[in-house]
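Colleague: Here you go, final_0.txt (compact mmCIF, C-alpha atoms):
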# COMPACT_ATOMS: atom_id res chain seq x y z
CA MET A 1 -9.48 1.92 6.61
CA ASP A 2 -7.52 2.22 9.78
CA THR A 3 -3.91 1.44 8.93
CA ARG A 4 -2.53 2.23 12.36
CA SER A 5 -2.35 -1.39 13.53
CA VAL A 6 -0.62 -2.45 10.29
CA VAL A 7 1.95 0.31 10.68
CA GLU A 8 2.54 -0.63 14.29
CA GLU A 9 2.99 -4.29 13.39
CA THR A 10 5.41 -3.64 10.53
CA ALA A 11 7.39 -0.83 12.15
CA PRO A 12 11.04 -1.82 12.67
CA PRO A 13 12.11 -2.47 16.24
CA PRO A 14 14.04 0.33 17.95
CA ALA A 15 17.66 0.43 16.80
CA ASN A 16 19.07 0.02 20.28
CA PRO A 17 16.74 -1.91 22.55
CA PRO A 18 17.85 -1.83 26.18
CA ARG A 19 18.93 -5.47 26.07
CA ARG A 20 21.24 -4.83 23.16
CA ILE A 21 22.73 -1.81 24.90
CA ALA A 22 23.25 -3.84 28.07
CA LEU A 23 25.07 -6.50 26.03
CA ARG A 24 27.29 -3.87 24.44
CA VAL A 25 28.14 -2.39 27.82
CA ALA A 26 28.84 -5.87 29.17
CA TRP A 27 31.19 -6.61 26.25
CA VAL A 28 33.06 -3.37 26.92
CA VAL A 29 33.41 -4.33 30.58
CA ILE A 30 34.55 -7.88 29.77
CA ARG A 31 37.22 -6.55 27.41
CA LEU A 32 38.44 -4.03 29.95
CA VAL A 33 38.65 -6.70 32.64
CA LEU A 34 40.69 -8.92 30.29
CA VAL A 35 42.95 -5.98 29.50
CA TYR A 36 43.39 -5.19 33.19
CA TRP A 37 44.26 -8.82 33.80
CA LEU A 38 46.65 -9.29 30.89
CA ALA A 39 48.30 -5.90 30.36
CA GLU A 40 51.77 -5.51 31.75
CA THR A 41 52.81 -2.13 33.11
CA GLY A 42 55.14 -0.30 30.78
CA GLU A 43 54.12 -2.26 27.70
CA LEU A 44 54.47 0.14 24.82
CA PHE A 45 52.94 0.30 21.39
CA PHE A 46 55.17 -0.47 18.44
CA TYR A 47 55.08 3.06 17.02
CA GLN A 48 55.63 4.82 20.34
CA GLY A 49 58.64 7.05 20.73
CA PHE A 50 58.69 7.06 16.99
CA MET B 1 67.34 12.22 32.43
CA ASN B 2 65.57 8.92 31.85
CA GLU B 3 63.35 8.65 28.82
CA ALA B 4 59.68 8.71 29.71
CA PHE B 5 56.99 7.24 27.52
CA ILE B 6 53.27 7.65 27.31
CA ASP B 7 52.16 4.54 29.17
CA VAL B 8 48.50 3.65 28.74
CA THR B 9 48.80 0.99 31.42
CA LEU B 10 49.31 3.67 34.08
CA GLY B 11 46.45 5.08 36.12
CA SER B 12 47.82 8.60 35.67
CA TYR B 13 47.16 8.38 31.92
CA TRP B 14 43.50 7.56 32.45
CA LEU B 15 43.26 10.10 35.26
CA VAL B 16 44.26 12.88 32.86
CA PHE B 17 41.82 11.57 30.29
CA GLY B 18 39.00 11.35 32.86
CA ALA B 19 39.79 14.88 34.02
CA ALA B 20 39.71 16.07 30.41
CA VAL B 21 36.23 14.58 29.92
CA VAL B 22 34.92 16.03 33.18
CA ILE B 23 36.40 19.46 32.53
CA LEU B 24 35.72 19.82 28.80
CA VAL B 25 32.26 18.33 28.35
CA PRO B 26 30.33 20.95 30.35
CA ILE B 27 32.19 23.93 28.84
CA THR B 28 30.13 25.71 26.20
CA ALA B 29 32.21 28.86 25.79
CA PRO B 30 34.64 28.37 22.86
CA THR B 31 37.50 30.43 24.28
CA ILE B 32 37.37 28.83 27.72
CA ARG B 33 37.17 25.38 26.15
CA LYS B 34 40.18 26.05 23.92
CA TRP B 35 42.32 27.24 26.80
CA ALA B 36 41.14 24.44 29.08
CA LEU B 37 42.14 21.88 26.44
CA ALA B 38 45.54 23.57 26.03
CA ALA B 39 46.05 23.45 29.80
CA ILE B 40 45.14 19.75 29.82
CA ASN B 41 47.53 19.00 26.96
CA ILE B 42 50.37 20.77 28.77
CA ALA B 43 49.45 19.16 32.11
CA PHE B 44 49.51 15.75 30.43
CA LEU B 45 53.06 16.36 29.28
CA GLY B 46 53.79 17.56 32.80
CA THR B 47 52.96 14.08 34.12
CA LEU B 48 55.69 12.66 31.87
CA LEU B 49 58.35 15.34 31.76
CA GLY B 50 59.84 17.54 34.41
CA PRO B 51 58.92 21.24 34.63
CA ARG B 52 62.05 22.26 32.70
CA GLN B 53 61.24 19.95 29.81
CA VAL B 54 57.61 21.01 29.70
CA GLY B 55 58.75 24.61 29.83
CA ALA B 56 61.06 23.98 26.87
CA MET B 57 58.25 22.35 24.93
CA VAL B 58 55.83 25.18 25.62
CA ALA B 59 58.51 27.75 24.80
CA ALA B 60 59.13 26.03 21.44
CA VAL B 61 55.42 26.14 20.58
CA ALA B 62 55.24 29.74 21.77
CA GLY B 63 58.19 30.67 19.55
CA LEU B 64 56.57 29.06 16.55
CA TRP B 65 53.23 30.69 17.32
CA LEU B 66 54.80 34.13 17.78
CA ALA B 67 56.80 33.89 14.55
CA LEU B 68 53.71 32.82 12.60
CA ARG B 69 51.62 35.52 14.26
CA LEU B 70 54.08 38.28 13.33
CA ALA B 71 54.56 37.05 9.78
CA ALA B 72 51.02 35.97 8.85
CA GLY B 73 49.42 37.90 6.02
CA ARG B 74 52.69 39.54 4.92
CA ARG B 75 53.27 37.34 1.91
CA PRO B 76 57.02 37.19 1.24
CA VAL B 77 57.80 37.40 4.96
CA SER B 78 55.36 34.63 5.89
CA GLY B 79 56.96 32.30 3.34
CA LEU B 80 60.43 33.09 4.65
CA VAL B 81 59.41 32.57 8.28
CA ALA B 82 57.69 29.30 7.37
CA GLY B 83 60.87 28.22 5.59
CA VAL B 84 63.07 29.01 8.60
CA LEU B 85 60.66 27.23 10.95
CA GLY B 86 60.55 24.30 8.55
CA VAL B 87 64.35 24.01 8.61
CA ALA B 88 64.33 24.20 12.43
CA THR B 89 61.72 21.42 12.49
CA LEU B 90 63.84 19.34 10.13
CA ILE B 91 66.86 19.77 12.42
CA LEU B 92 64.79 18.63 15.41
CA PHE B 93 63.47 15.71 13.36
CA LEU B 94 67.02 14.66 12.45
CA ALA B 95 68.10 15.06 16.09
CA HIS B 96 65.19 12.79 17.06
CA LYS B 97 65.94 10.17 14.44
CA LEU B 98 69.71 10.21 14.86
CA PRO B 99 70.18 10.52 18.64
CA ALA B 100 73.85 9.48 18.62
CA GLU B 101 74.74 12.20 16.12
CA ALA B 102 72.58 14.69 18.03
CA SER B 103 74.46 13.91 21.24
CA ARG B 104 77.76 14.50 19.51
CA LEU B 105 76.50 17.90 18.38
CA GLY B 106 75.36 18.77 21.90
CA LEU B 107 71.66 18.31 21.19
CA GLY B 108 71.33 15.17 23.30
CA ALA B 109 69.21 16.90 25.95
CA LEU B 110 66.45 17.32 23.39
CA ASN B 111 66.07 13.63 22.73
CA PRO B 112 63.99 12.60 25.78
CA ILE B 113 61.48 15.37 25.02
CA LEU B 114 61.30 14.49 21.33
CA VAL B 115 60.78 10.81 22.15
CA VAL B 116 57.94 11.47 24.58
CA VAL B 117 55.96 13.58 22.16
CA GLY B 118 56.62 11.20 19.24
CA PHE B 119 58.30 13.97 17.31
CA SER B 120 58.02 12.21 13.93
CA PHE B 121 54.28 12.85 14.13
CA VAL B 122 54.59 16.34 15.64
CA ALA B 123 56.98 17.34 12.84
CA LEU B 124 54.36 16.46 10.24
CA ARG B 125 51.74 18.49 12.10
CA VAL B 126 54.17 21.43 12.15
CA CYS B 127 54.54 21.09 8.34
CA GLU B 128 50.75 21.11 7.98
CA LEU B 129 50.47 24.25 10.10
CA LEU B 130 53.33 26.09 8.39
CA ARG B 131 52.02 25.37 4.91
CA GLY B 132 48.44 26.29 5.79
CA VAL B 133 49.51 29.66 7.21
CA ALA B 134 52.27 30.45 4.69
CA GLU B 135 49.93 29.84 1.76
CA GLY B 136 47.36 32.11 3.36
CA ARG B 137 44.72 29.37 3.58
CA HIS B 138 44.45 29.96 7.31
CA PRO B 139 45.31 32.82 9.66
CA ALA B 140 48.01 32.20 12.24
CA PRO B 141 46.54 30.30 15.17
CA ASP B 142 46.32 31.73 18.66
CA PHE B 143 48.62 30.16 21.23
CA ALA B 144 46.05 27.78 22.72
CA SER B 145 45.10 26.49 19.28
CA ALA B 146 48.78 25.99 18.40
CA VAL B 147 49.22 23.86 21.54
CA ASN B 148 46.01 21.93 20.86
CA TYR B 149 46.96 21.22 17.27
CA LEU B 150 50.61 20.35 17.80
CA LEU B 151 50.44 18.53 21.15
CA PRO B 152 47.03 16.85 21.48
CA PHE B 153 47.56 14.47 24.39
CA HIS B 154 45.38 11.68 23.00
CA MET B 155 47.16 11.71 19.61
CA LEU B 156 50.71 12.16 20.90
CA ALA B 157 51.76 8.53 21.26
CA ALA B 158 51.59 7.73 17.54
CA GLY B 159 49.15 9.95 15.73
CA PRO B 160 46.90 9.99 13.78
CA ILE B 161 48.27 13.00 11.89
CA GLN B 162 45.40 15.43 11.81
CA ALA B 163 45.25 17.71 8.75
CA TYR B 164 45.36 21.37 9.79
CA ASP B 165 42.39 22.04 7.50
CA ASP B 166 40.38 19.49 9.52
CA PHE B 167 41.57 20.94 12.82
CA VAL B 168 40.44 24.42 11.79
CA ALA B 169 37.15 23.14 10.38
CA GLN B 170 36.01 21.40 13.57
CA PRO B 171 33.41 23.25 15.63
CA ALA B 172 34.81 25.36 18.47
CA VAL B 173 32.36 23.64 20.81
CA PRO B 174 31.31 20.16 19.72
CA PRO B 175 27.65 19.17 19.91
CA PRO B 176 26.92 17.17 23.06
CA LEU B 177 27.16 13.41 22.70
CA THR B 178 24.13 11.21 23.06
CA ALA B 179 24.39 8.22 25.39
CA ILE B 180 24.71 5.89 22.40
CA GLU B 181 27.51 8.00 20.89
CA ALA B 182 29.31 7.97 24.23
CA LEU B 183 28.92 4.19 24.34
CA GLU B 184 30.31 3.90 20.81
CA ALA B 185 33.32 5.99 21.87
CA ALA B 186 33.86 3.78 24.91
CA GLU B 187 33.61 0.74 22.62
CA ARG B 188 36.37 2.14 20.41
CA ILE B 189 38.63 2.60 23.43
CA ALA B 190 37.84 -0.91 24.69
CA THR B 191 38.44 -2.31 21.20
CA GLY B 192 41.83 -0.62 21.04
CA LEU B 193 42.91 -1.87 24.45
CA PHE B 194 41.62 -5.36 23.67
CA LYS B 195 43.46 -5.46 20.33
CA LYS B 196 46.73 -4.37 21.91
CA PHE B 197 46.82 -6.16 25.24
CA VAL B 198 44.87 -9.32 24.44
CA LEU B 199 44.93 -10.14 20.73
CA ALA B 200 48.30 -8.64 19.79
CA GLY B 201 49.78 -9.81 23.10
CA VAL B 202 48.73 -13.41 22.49
CA LEU B 203 50.01 -13.36 18.89
CA LYS B 204 53.32 -11.91 20.00
CA SER B 205 53.87 -14.40 22.80
CA ILE B 206 53.07 -17.41 20.60
CA PHE B 207 54.49 -16.57 17.20
CA LEU B 208 56.93 -13.68 17.16
CA THR B 209 60.67 -14.07 17.59
CA GLY B 210 61.80 -10.73 16.17
CA PHE B 211 62.66 -12.66 12.97
CA SER B 212 65.50 -14.32 14.86
CA ALA B 213 64.23 -17.88 14.42
CA GLY B 214 66.16 -19.83 11.83
CA GLY B 215 64.80 -21.67 8.83
CA PRO B 216 61.72 -20.97 6.74
CA TYR B 217 59.72 -20.05 9.87
CA LEU B 218 60.67 -16.52 8.84
CA LEU B 219 58.01 -16.67 6.12
CA LEU B 220 55.27 -17.65 8.57
CA GLU B 221 56.47 -15.05 11.06
CA ALA B 222 56.21 -12.34 8.40
CA GLN B 223 52.52 -13.20 7.95
CA VAL B 224 51.82 -13.04 11.68
CA PHE B 225 54.01 -9.98 12.21
CA PHE B 226 51.94 -8.05 9.66
CA LEU B 227 48.76 -9.06 11.48
CA TRP B 228 50.31 -8.17 14.84
CA LEU B 229 51.49 -4.80 13.52
CA TYR B 230 47.96 -4.00 12.42
CA LEU B 231 46.47 -4.99 15.78
CA ASP B 232 49.07 -2.99 17.69
CA PHE B 233 49.03 0.16 15.57
CA SER B 234 45.31 0.29 14.86
CA ALA B 235 44.70 -0.24 18.59
CA LEU B 236 46.31 3.09 19.33
CA SER B 237 44.26 4.75 16.59
CA ASP B 238 41.04 3.18 17.93
CA MET B 239 41.82 4.56 21.36
CA ALA B 240 42.64 8.01 19.98
CA VAL B 241 39.40 8.13 17.98
CA GLY B 242 37.32 6.99 20.98
CA MET B 243 39.01 9.41 23.36
CA GLY B 244 38.73 12.22 20.81
CA ARG B 245 34.99 11.67 20.57
CA LEU B 246 34.54 11.80 24.32
CA ILE B 247 36.52 15.02 24.73
CA GLY B 248 35.06 16.51 21.55
CA VAL B 249 38.25 16.72 19.50
CA ALA B 250 37.98 15.58 15.87
CA THR B 251 40.36 12.67 15.44
CA PRO B 252 40.84 11.13 11.99
CA GLU B 253 40.43 7.44 11.26
CA ASN B 254 43.73 5.77 10.46
CA PHE B 255 42.75 2.30 9.23
CA ASN B 256 39.99 0.86 7.11
CA ARG B 257 40.21 -2.94 6.91
CA PRO B 258 43.61 -2.91 5.16
CA TYR B 259 43.64 -6.66 4.57
CA LEU B 260 40.85 -6.25 2.05
CA ALA B 261 43.09 -4.11 -0.19
CA ARG B 262 43.46 -5.68 -3.61
CA ASN B 263 46.49 -3.66 -4.67
CA MET B 264 49.06 -1.32 -3.20
CA VAL B 265 47.12 1.84 -4.07
CA ALA B 266 44.11 0.48 -2.21
CA PHE B 267 46.38 -0.66 0.61
CA TRP B 268 47.71 2.84 1.25
CA GLU B 269 44.15 4.16 1.14
CA ARG B 270 43.37 1.79 4.02
CA TRP B 271 46.60 1.63 6.07
CA HIS B 272 47.95 4.54 8.13
CA ILE B 273 45.49 6.70 6.23
CA SER B 274 46.49 9.96 7.90
CA LEU B 275 50.12 9.45 6.80
CA SER B 276 49.24 8.50 3.23
CA LEU B 277 46.94 11.54 2.97
CA PHE B 278 49.77 13.70 4.28
CA LEU B 279 52.10 12.24 1.65
CA ARG B 280 49.51 12.86 -1.04
CA ARG B 281 48.90 16.48 -0.01
CA HIS B 282 52.46 17.56 0.58
CA LEU B 283 54.61 15.35 -1.65
CA PHE B 284 52.81 13.30 -4.28
CA ILE B 285 50.51 16.02 -5.69
CA PRO B 286 53.09 18.86 -5.65
CA VAL B 287 55.79 16.65 -7.24
CA GLN B 288 53.41 15.25 -9.83
CA LEU B 289 52.03 18.69 -10.73
CA THR B 290 55.52 20.18 -11.03
CA LEU B 291 56.67 17.37 -13.30
CA MET B 292 53.50 17.56 -15.40
CA ARG B 293 54.02 21.29 -15.92
CA ARG B 294 57.66 20.79 -16.86
CA THR B 295 56.87 18.01 -19.34
CA GLY B 296 53.82 19.74 -20.78
CA GLY B 297 51.53 16.98 -19.48
CA LYS B 298 52.89 14.46 -22.02
CA HIS B 299 54.12 11.75 -19.66
CA VAL B 300 51.36 11.25 -17.13
CA LEU B 301 52.41 7.79 -15.98
CA ALA B 302 56.09 8.68 -15.75
CA CYS B 303 55.27 11.79 -13.68
CA ALA B 304 53.03 9.78 -11.33
CA SER B 305 55.73 7.11 -11.03
CA ALA B 306 58.40 9.67 -10.15
CA ALA B 307 56.03 11.25 -7.62
CA PHE B 308 55.44 7.84 -6.03
CA ALA B 309 59.19 7.20 -5.83
CA VAL B 310 59.86 10.56 -4.14
CA SER B 311 56.87 10.29 -1.76
CA PHE B 312 57.51 6.75 -0.63
CA GLY B 313 61.30 7.07 -0.57
CA LEU B 314 60.81 9.91 1.92
CA CYS B 315 58.07 7.90 3.65
CA GLY B 316 60.66 5.19 4.28
CA LEU B 317 63.15 7.72 5.65
CA TRP B 318 60.45 9.25 7.84
CA HIS B 319 60.10 5.87 9.52
CA SER B 320 63.84 5.56 10.05
CA ILE B 321 66.86 7.18 8.47
CA SER B 322 68.46 4.03 7.14
CA LEU B 323 69.12 2.34 3.81
CA ARG B 324 66.75 -0.48 4.70
CA PHE B 325 63.80 1.83 5.28
CA LEU B 326 64.65 3.78 2.14
CA ALA B 327 64.61 0.47 0.24
CA TRP B 328 61.30 -0.47 1.91
CA GLY B 329 59.75 2.85 0.86
CA LEU B 330 61.03 2.48 -2.70
CA LEU B 331 59.76 -1.10 -2.82
CA HIS B 332 56.29 0.15 -1.92
CA ALA B 333 56.68 2.83 -4.59
CA VAL B 334 57.43 0.05 -7.09
CA GLY B 335 54.23 -1.71 -5.95
CA LEU B 336 52.24 1.49 -6.46
CA ILE B 337 53.78 2.17 -9.86
CA ALA B 338 53.10 -1.44 -10.89
CA VAL B 339 49.40 -0.96 -10.12
CA ASN B 340 49.21 2.02 -12.47
CA LEU B 341 51.15 0.27 -15.23
CA TYR B 342 49.05 -2.89 -14.89
CA ARG B 343 45.83 -0.87 -15.06
CA GLN B 344 47.01 0.78 -18.26
CA PHE B 345 48.11 -2.57 -19.70
CA LEU B 346 44.71 -4.12 -18.94
CA THR B 347 42.83 -1.20 -20.46
CA ARG B 348 44.90 -1.36 -23.64
CA ARG B 349 44.55 -5.10 -23.93
CA LEU B 350 40.91 -5.58 -22.89
CA GLY B 351 39.38 -2.15 -23.39
CA THR B 352 37.79 -0.12 -20.59
CA GLN B 353 34.79 -2.40 -20.19
CA GLY B 354 36.84 -5.60 -20.48
CA ALA B 355 39.34 -4.39 -17.88
CA LYS B 356 36.47 -3.52 -15.55
CA GLU B 357 34.94 -6.97 -15.92
CA TYR B 358 38.32 -8.62 -15.43
CA LEU B 359 38.99 -6.65 -12.24
CA ASN B 360 35.50 -7.43 -10.94
CA ASN B 361 36.07 -11.15 -11.32
CA ARG B 362 35.79 -12.73 -7.89
CA TRP B 363 38.80 -15.01 -8.27
CA ILE B 364 40.99 -12.25 -9.64
CA ARG B 365 40.01 -10.16 -6.62
CA ILE B 366 40.89 -12.97 -4.20
CA VAL B 367 44.28 -13.60 -5.84
CA ALA B 368 45.03 -9.84 -5.97
CA THR B 369 44.15 -9.44 -2.29
CA PHE B 370 46.39 -12.37 -1.37
CA VAL B 371 49.29 -11.01 -3.44
CA THR B 372 48.90 -7.57 -1.83
CA TYR B 373 48.98 -9.10 1.65
CA GLU B 374 52.11 -11.08 0.81
CA PHE B 375 53.82 -8.08 -0.77
CA VAL B 376 53.36 -5.98 2.34
CA ALA B 377 54.07 -8.81 4.80
CA LEU B 378 57.28 -9.87 3.07
CA SER B 379 58.42 -6.27 2.65
CA LEU B 380 58.51 -6.03 6.44
CA ILE B 381 61.34 -8.58 6.53
CA LEU B 382 63.44 -6.02 4.69
CA VAL B 383 63.33 -3.63 7.62
CA PHE B 384 62.90 -5.83 10.66
CA TYR B 385 65.25 -8.72 9.87
CA PRO B 386 67.79 -8.44 12.68
CA TYR B 387 70.76 -9.84 10.73
CA PRO B 388 72.50 -8.60 7.59
CA LEU B 389 70.17 -9.22 4.67
CA ASP B 390 72.74 -11.32 2.83
CA GLU B 391 72.26 -13.94 5.56
CA LEU B 392 68.61 -14.43 4.59
CA LEU B 393 69.39 -17.28 2.22
CA SER B 394 71.80 -19.21 4.41
CA ARG B 395 70.02 -18.61 7.71
CA ASN B 396 66.41 -18.94 6.64
CA LEU B 397 65.41 -19.69 3.10
CA LEU B 398 67.94 -22.40 2.31
CA HIS B 399 68.39 -23.48 5.92
CA GLY B 400 69.03 -27.23 6.05
CA TYR B 401 70.01 -27.40 2.41
CA THR B 402 73.57 -27.64 1.23
CA ILE B 403 74.65 -25.73 -1.82
CA GLY B 404 77.38 -27.51 -3.74
CA ARG B 405 79.51 -30.25 -2.22
Could you express the structure from this file as structure tokens?
Modeller:
Amino acid sequence: MDTRSVVEETAPPPANPPRRIALRVAWVVIRLVLVYWLAETGELFFYQGF
Amino acid sequence: MNEAFIDVTLGSYWLVFGAAVVILVPITAPTIRKWALAAINIAFLGTLLGPRQVGAMVAAVAGLWLALRLAAGRRPVSGLVAGVLGVATLILFLAHKLPAEASRLGLGALNPILVVVGFSFVALRVCELLRGVAEGRHPAPDFASAVNYLLPFHMLAAGPIQAYDDFVAQPAVPPPLTAIEALEAAERIATGLFKKFVLAGVLKSIFLTGFSAGGPYLLLEAQVFFLWLYLDFSALSDMAVGMGRLIGVATPENFNRPYLARNMVAFWERWHISLSLFLRRHLFIPVQLTLMRRTGGKHVLACASAAFAVSFGLCGLWHSISLRFLAWGLLHAVGLIAVNLYRQFLTRRLGTQGAKEYLNNRWIRIVATFVTYEFVALSLILVFYPYPLDELLSRNLLHGYTIGR
């Protein structure tokens, strides 16, 4: 019996399809844009200079 | 001289990071890579400090490196040298933490340098290095490695505190990143920036008053402040981990969903992990072992309790040399000791299996997690309340109520 078609049908999808990667990149970009927009120069972290 | 700070909102910060990626990634020769990273770390400090200050910093590392190099392998001498260097580090730490006293003693010029490099964290890395070499677990590092371990530019602002064992164990040349791994690293950096400048920023602007608001709002503010503190601090750790991955420098994780901790032991396994591991390695275990030996192993709980008190008392003082921080550290020690005592009580009362079932109960877990959150959140009032603590009742908790006539 040829099981190749069954294997192909039941094989999991690739872990990182291009669309998913594009979404991840887009989410990184959106966050960075928000940061660029909201961050104030000289704003320090709480533990800095500690 | 004005105090400079590492400012992640400046282009120069990201320029140095970008240069580090471009320079380090293609290098496959271990020695060249090590020296290139050392040059980048020093150049980074150069963007913040003047040439004299950078020179002083490099000279200090060189002095430490040379002393370790000369003493390494010669057992009594190496211990003595490590002790002297440890005392020198302690003096610098005290000068950093008590700037007014340092100025009076003529050490004021050191303060801007110590602030920039976040000397509290550097001091712990020095301890790691001294102990590793003095105990003969590691040979003395070469100069470039000493710079890279003590002054890693992406971990300077506020850690994490990398264990020297981990630093030595990392590959001299990291394996190249795949595109997905590079994306994951970029995601960590974006997550950190987003946490700090969007989420924490919004929380701060809406809810936080520096505990100066009157009335019972203090109790709500403590809840939000704890959340804000996590967002702010873990943001820096996220960025350090992401940047470390891109430049191929092992950078330890510092947080692991701390709000899921169901007791104080679990909390310190999830919060500022690199500090709690440092405390465990260098304070808790040595103190506990010493006490166990002295008592013939008869009082296990008492020895562990004393070790918690010493470790977390000093942990409080590491944060700030003040009675309030000492009290905060000891309060956390009490929380940790209580966990051990309660575990023993449950086991005696319910048996091992019964205690396990009790602790696995969903509702018990939810209540325990809530109590842990409240314990930590309310303990922050102890150190960040801006007024004398005896005003807590009149200003906040009983605000609006009249006691007596």
Colleague: Write out as a list in words the residues lying within 9 Å of Leu199 of chain B, counting all atoms listed in the file and excluding same-chain residues fewer than 6 positions away.
Modeller: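 The contact residues come out as Trp228, Leu231 and Asp232 of chain B.
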Colleague: Should the cut-off be 10 Å, what would the residue list for chain A against chain B look like, counting all atoms listed in the file, as number ranges by chain?
Modeller: A: 16, 21, 24-25, 27-50
Colleague: In Å, with one decimal, what is the gap from atom CA of Val133 of chain B to atom CA of Ala172 of chain B?
Modeller: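 So the answer is 19.0 Å.
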Colleague: Would you compute the distance between atom CA of Leu94 of chain B and atom CA of Leu336 of chain B? Give it in Å to one decimal.
Modeller: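 Atom-to-atom, atom CA of Leu94 of chain B and atom CA of Leu336 of chain B are spaced 27.4 Å apart.
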Colleague: Just how far from atom CA of Phe384 of chain B is atom CA of Leu341 of chain B, in Å to one decimal?
Modeller: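 Distance reported for this atom pair: 29.1 Å.
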Colleague: Can you tell me, as a PyMOL selection string, what residues are no more than 7 Å from segment 14-20 of chain B when counting only C-alpha atoms, ignoring any on the same chain fewer than 6 positions away?
Modeller: chain B and resi 40+44+247
Colleague: I'd like the neighbourhood of Gly244 of chain B as a PyMOL selection string, where a residue qualifies if any of its atoms comes within 9 Å (using all atoms listed in the file), though same-chain residues fewer than 6 positions away should be ignored.
Modeller: chain B and resi 154-155+185+250-251
Colleague: Save out the residues we just selected, C-alpha atoms, as a PDB file, in the coordinates of the input.
Modeller:
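This is the output file again19.pdb:
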ATOM      1  CA  HIS B 154      45.380  11.680  23.000  1.00  0.00           C
ATOM      2  CA  MET B 155      47.160  11.710  19.610  1.00  0.00           C
ATOM      3  CA  ALA B 185      33.320   5.990  21.870  1.00  0.00           C
ATOM      4  CA  ALA B 250      37.980  15.580  15.870  1.00  0.00           C
ATOM      5  CA  THR B 251      40.360  12.670  15.440  1.00  0.00           C
TER       6      THR B 251
END
Colleague: Can you pull out the residues contacting Pro386 of chain B? Cut-off 12 Å, using all atoms listed in the file, and skip same-chain residues under 3 positions away; I want them as a list in words.
Modeller: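 Returned residues: Thr209, Gly210, Phe211, Ser212, Ala213, Gly214, Leu218, Arg324, Leu380, Ile381, Leu382, Val383, Leu389, Asp390, Glu391, Leu392 and Arg395 of chain B.
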Colleague: To box segment 62-67 of chain B, take all atoms listed in the file, fit an axis-aligned box, add 3 Å on each side, and give centre and edge lengths in Å to one decimal, as AutoDock Vina command-line options.
Modeller:
--center_x 55.7 --center_y 31.6 --center_z 18.2 --size_x 11.0 --size_y 11.1 --size_z 13.2
Colleague: Skip segment 30-33 of chain B itself and residues of its chain fewer than 6 positions away, then list as a tab-separated table (two decimals) with C-alpha atoms, keeping the file's coordinate frame all residues within 12 Å of it, counting all atoms listed in the file.
Modeller:
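Below is the file that was written, part.tsv:
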chain	number	residue	atom	x	y	z
B	20	ALA	CA	39.71	16.07	30.41
B	21	VAL	CA	36.23	14.58	29.92
B	22	VAL	CA	34.92	16.03	33.18
B	23	ILE	CA	36.40	19.46	32.53
B	24	LEU	CA	35.72	19.82	28.80
B	39	ALA	CA	46.05	23.45	29.80
B	40	ILE	CA	45.14	19.75	29.82
B	142	ASP	CA	46.32	31.73	18.66
B	143	PHE	CA	48.62	30.16	21.23
B	144	ALA	CA	46.05	27.78	22.72
B	145	SER	CA	45.10	26.49	19.28
B	148	ASN	CA	46.01	21.93	20.86
B	170	GLN	CA	36.01	21.40	13.57
B	171	PRO	CA	33.41	23.25	15.63
B	172	ALA	CA	34.81	25.36	18.47
B	173	VAL	CA	32.36	23.64	20.81
B	174	PRO	CA	31.31	20.16	19.72
B	175	PRO	CA	27.65	19.17	19.91
B	247	ILE	CA	36.52	15.02	24.73
B	248	GLY	CA	35.06	16.51	21.55
B	249	VAL	CA	38.25	16.72	19.50
Colleague: Looking at B:Leu151, B:Ile42, B:Leu98, B:Ala134, which one is nearest to Ser78 of chain B, with distances taken over all atoms listed in the file?
Modeller: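 The answer is B:Ala134, which sits nearest to Ser78 of chain B.
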Colleague: For segment 36-41 of chain B, which lacks atoms in the input, supply N, CA, C and O atoms and format the output as a PDB file, in the frame of the given file.
Modeller:
ATOM      1  N   ALA B  36      41.182  25.588  28.154  1.00  0.00           N
ATOM      2  CA  ALA B  36      41.140  24.440  29.080  1.00  0.00           C
ATOM      3  C   ALA B  36      41.806  23.229  28.441  1.00  0.00           C
ATOM      4  O   ALA B  36      42.589  22.518  29.085  1.00  0.00           O
ATOM      5  N   LEU B  37      41.529  23.014  27.147  1.00  0.00           N
ATOM      6  CA  LEU B  37      42.140  21.880  26.440  1.00  0.00           C
ATOM      7  C   LEU B  37      43.659  22.069  26.356  1.00  0.00           C
ATOM      8  O   LEU B  37      44.423  21.116  26.561  1.00  0.00           O
ATOM      9  N   ALA B  38      44.092  23.296  26.085  1.00  0.00           N
ATOM     10  CA  ALA B  38      45.540  23.570  26.030  1.00  0.00           C
ATOM     11  C   ALA B  38      46.184  23.278  27.387  1.00  0.00           C
ATOM     12  O   ALA B  38      47.268  22.665  27.456  1.00  0.00           O
ATOM     13  N   ALA B  39      45.504  23.694  28.453  1.00  0.00           N
ATOM     14  CA  ALA B  39      46.050  23.450  29.800  1.00  0.00           C
ATOM     15  C   ALA B  39      46.137  21.948  30.071  1.00  0.00           C
ATOM     16  O   ALA B  39      47.129  21.463  30.652  1.00  0.00           O
ATOM     17  N   ILE B  40      45.128  21.210  29.627  1.00  0.00           N
ATOM     18  CA  ILE B  40      45.140  19.750  29.820  1.00  0.00           C
ATOM     19  C   ILE B  40      46.276  19.116  29.020  1.00  0.00           C
ATOM     20  O   ILE B  40      47.001  18.247  29.522  1.00  0.00           O
ATOM     21  N   ASN B  41      46.449  19.557  27.779  1.00  0.00           N
ATOM     22  CA  ASN B  41      47.530  19.000  26.960  1.00  0.00           C
ATOM     23  C   ASN B  41      48.901  19.249  27.598  1.00  0.00           C
ATOM     24  O   ASN B  41      49.760  18.368  27.608  1.00  0.00           O
TER      25      ASN B  41
END
